[in-house]
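See below for the structure under consideration.
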Amino acid sequence: MNETATAPTAPLRARAEIDLAALRANVRALRARASGAALMAVVKSDAYGHGAVPCARAAVEAGAEWLGTATPEEALALREAGLPGRIMCWLWTPGGPWREAIEADLDVSVSGLWALREVTDAARAAGLPARVQLKADTGLGRGGCQPGEDWAELVAEALRAEAQGLLRVTGLWSHFACADEPGHPSIAAQLTVFREMLAYAEGQGVRPEVRHIANSPATLTLPESHFDLVRTGIAVYGISPSPELGAPADFGLRPVMTLSASIALVKRVPGGHGVSYGHRYVTPGETTLGLVPVGYADGIPRHASGAGPVLVDGKWRTVAGRIAMDQFVVDLGGDEPPTGTRAVLFGPGDGGEPTAEDWAQAAGTIAYEIVTRIGTRVPRVHVNEGQAG
């Protein structure tokens, strides 16, 4: 569930506080990094777990000219919520809601002839031209049309449909494989292929509104990749796309989500006491244990068992033993904070709390996954909503 609250101290089992002022500041910082291009704020997967509609609104307030989603359903939900302007969606399967997307004035991505033909049929049925962006596979090997004959065939058929008034080719785009690894040889190779595929399509008569390949890391580190539009995802939420590139503050970004829970129980136990399933942790001596009422059903990664950091009563603690479905335990080392004390799993880090990157390191994953996986049992409490700051 997504909730908006004006009182950030509302008593909740757990809460993901979303600072929309930080999000707006991040969008402004990213726009400054790519001042010659428009900016797309990617709000797929419920805005990477932050709440799609409030985050989309805040991004637009801060100057994002485009919004991006993976699925058409995500994009349609933004339109239904009243979000104006350009919205693009790119993950389609056969039989997808093409007509609904056309009628909602969405930009749809096409990687192959099957999709082009389905969207053309839908445009004919709707009596409206579709806004279509052709995706090129420049080396990532996922979605997108292969260069060469496949690209030539897709471009030719798109131009025929455009001449019939069934669609408008509004964009040409691609996606990097290794932009988060500065100096990786695939980056230059993909840029070369992208320029060649652009030149071919434009030579055939395509006149796109936007050409784009830059994701968050490319926006931050590859100005030559900015073209007409940059697509910023994780960076909008104040998380560095790669620790090797730098911490968020190095790019003028601030993490937007703070995840916390109320300590449900504090108790004293003797040394040699097993903790949680499998007794992978046994107390080394008499101590106090604190029960944190969130677990892997809330998106707390079980892989961080025995390693996940938590700030309780001003001190870093570590998950003691296994993370269970609904709860985990921290060893408080003899401290006895009152029940209801706030346990901060991660946040911006400037209050001494761990960050999403700290949890990513503990779980052997990336910070993208940490924030995106936080489950629906954890309310999103949006603060600084509707403010200009």
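Note on naming: chains are A, B, ... as they come in the structure tokens, residues start from 1 per chain, ligands start from 1 in the order shown.
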### Task
Excluding range 129-138 of chain A and any residue of its chain fewer than 2 positions from it, enumerate the residues within 9 Å of it, using only C-alpha atoms, and give them as JSON, numbers by chain.
{"A": [88, 90, 98, 99, 101, 102, 103, 105, 106, 107, 108, 109, 110, 111, 112, 116, 119, 120, 122, 123, 124, 126, 127, 140, 141, 142, 143, 144, 145, 146, 147, 151, 154, 155, 158, 162, 165, 166, 167, 168, 169, 170, 171, 172, 173, 174, 175, 176, 189, 190, 191, 192, 193, 194, 197, 198, 208, 210]}
Write a file of the just-selected residues containing C-alpha atoms, as a tab-separated table (two decimals), in the first residue's frame.
```
chain	number	residue	atom	x	y	z
A	88	MET	CA	7.06	6.17	-22.52
A	90	TRP	CA	8.95	-0.26	-23.42
A	98	TRP	CA	-1.80	-1.17	-27.70
A	99	ARG	CA	-5.07	0.64	-28.35
A	101	ALA	CA	-1.78	3.12	-24.96
A	102	ILE	CA	-2.52	4.97	-28.20
A	103	GLU	CA	-5.68	6.53	-26.79
A	105	ASP	CA	-1.13	9.31	-25.93
A	106	LEU	CA	1.74	7.17	-24.66
A	107	ASP	CA	5.01	6.61	-26.48
A	108	VAL	CA	5.42	2.89	-27.11
A	109	SER	CA	8.64	1.07	-27.87
A	110	VAL	CA	8.93	-1.33	-30.79
A	111	SER	CA	11.83	-3.78	-31.17
A	112	GLY	CA	10.54	-5.97	-33.99
A	116	LEU	CA	5.10	-2.77	-35.16
A	119	VAL	CA	0.54	-1.28	-32.87
A	120	THR	CA	-0.28	-0.36	-36.47
A	122	ALA	CA	-4.41	-0.90	-33.08
A	123	ALA	CA	-3.88	2.58	-34.49
A	124	ARG	CA	-6.07	1.74	-37.45
A	126	ALA	CA	-8.52	3.52	-32.84
A	127	GLY	CA	-8.49	6.01	-35.67
A	140	LEU	CA	23.06	-5.29	-24.74
A	141	GLY	CA	21.42	-8.36	-26.24
A	142	ARG	CA	17.99	-7.92	-24.64
A	143	GLY	CA	15.20	-5.97	-26.32
A	144	GLY	CA	15.83	-4.01	-29.49
A	145	CYS	CA	16.25	-4.67	-33.18
A	146	GLN	CA	19.52	-6.04	-34.51
A	147	PRO	CA	21.55	-3.81	-36.83
A	151	TRP	CA	16.88	-2.69	-38.68
A	154	LEU	CA	11.83	-2.34	-39.30
A	155	VAL	CA	12.64	1.23	-40.38
A	158	ALA	CA	7.63	2.04	-39.83
A	162	GLU	CA	3.91	6.72	-40.96
A	165	GLY	CA	-0.91	8.29	-41.00
A	166	LEU	CA	-0.98	5.28	-38.66
A	167	LEU	CA	1.98	6.24	-36.52
A	168	ARG	CA	4.61	8.83	-35.84
A	169	VAL	CA	8.18	7.66	-35.23
A	170	THR	CA	8.90	9.86	-32.23
A	171	GLY	CA	12.13	8.30	-31.04
A	172	LEU	CA	15.16	6.14	-31.77
A	173	TRP	CA	16.78	4.61	-28.73
A	174	SER	CA	18.96	1.94	-27.17
A	175	HIS	CA	20.37	0.86	-23.80
A	176	PHE	CA	23.89	0.37	-22.46
A	189	ALA	CA	31.35	0.14	-29.26
A	190	GLN	CA	27.68	0.64	-28.46
A	191	LEU	CA	27.89	4.38	-29.09
A	192	THR	CA	29.41	3.69	-32.51
A	193	VAL	CA	26.69	1.21	-33.42
A	194	PHE	CA	23.99	3.57	-32.14
A	197	MET	CA	21.80	2.96	-36.72
A	198	LEU	CA	20.63	6.54	-36.17
A	208	PRO	CA	12.62	11.53	-34.42
A	210	VAL	CA	14.29	12.33	-29.38
```
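For Ala324 in chain A, the residues within 10 Å (counting only C-alpha atoms, excluding itself and residues fewer than 3 positions away along the chain) are Ser276, Tyr277, Pro293, Val294, Gly295, Tyr296, Ala297, Ile300, Pro301, Arg302, Ser305, Gly321, Gln327, Phe328 and Val329 of chain A.
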### Message
Residues near Arg231 in chain A, anyone? I mean within 12 Å using only C-alpha atoms, not counting same-chain ones fewer than 3 positions away, as an NGL selection string.
### Response
:A and (27 or 30-31 or 34 or 37-44 or 64-69 or 87-89 or 173-176 or 210-220 or 225-228 or 234-236)
### Residues near Ala343 in chain A, cut-off 8 Å, only C-alpha atoms, skip fewer than 4 positions along chain, as a PyMOL selection string
chain A and resi 260-263+292+310-313
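The shortest atom-to-atom distance to Ser186 in chain A, with only C-alpha atoms taken into account, belongs to A:Gly139 out of A:Gly299, A:Gly139, A:Leu289, A:Gln361.
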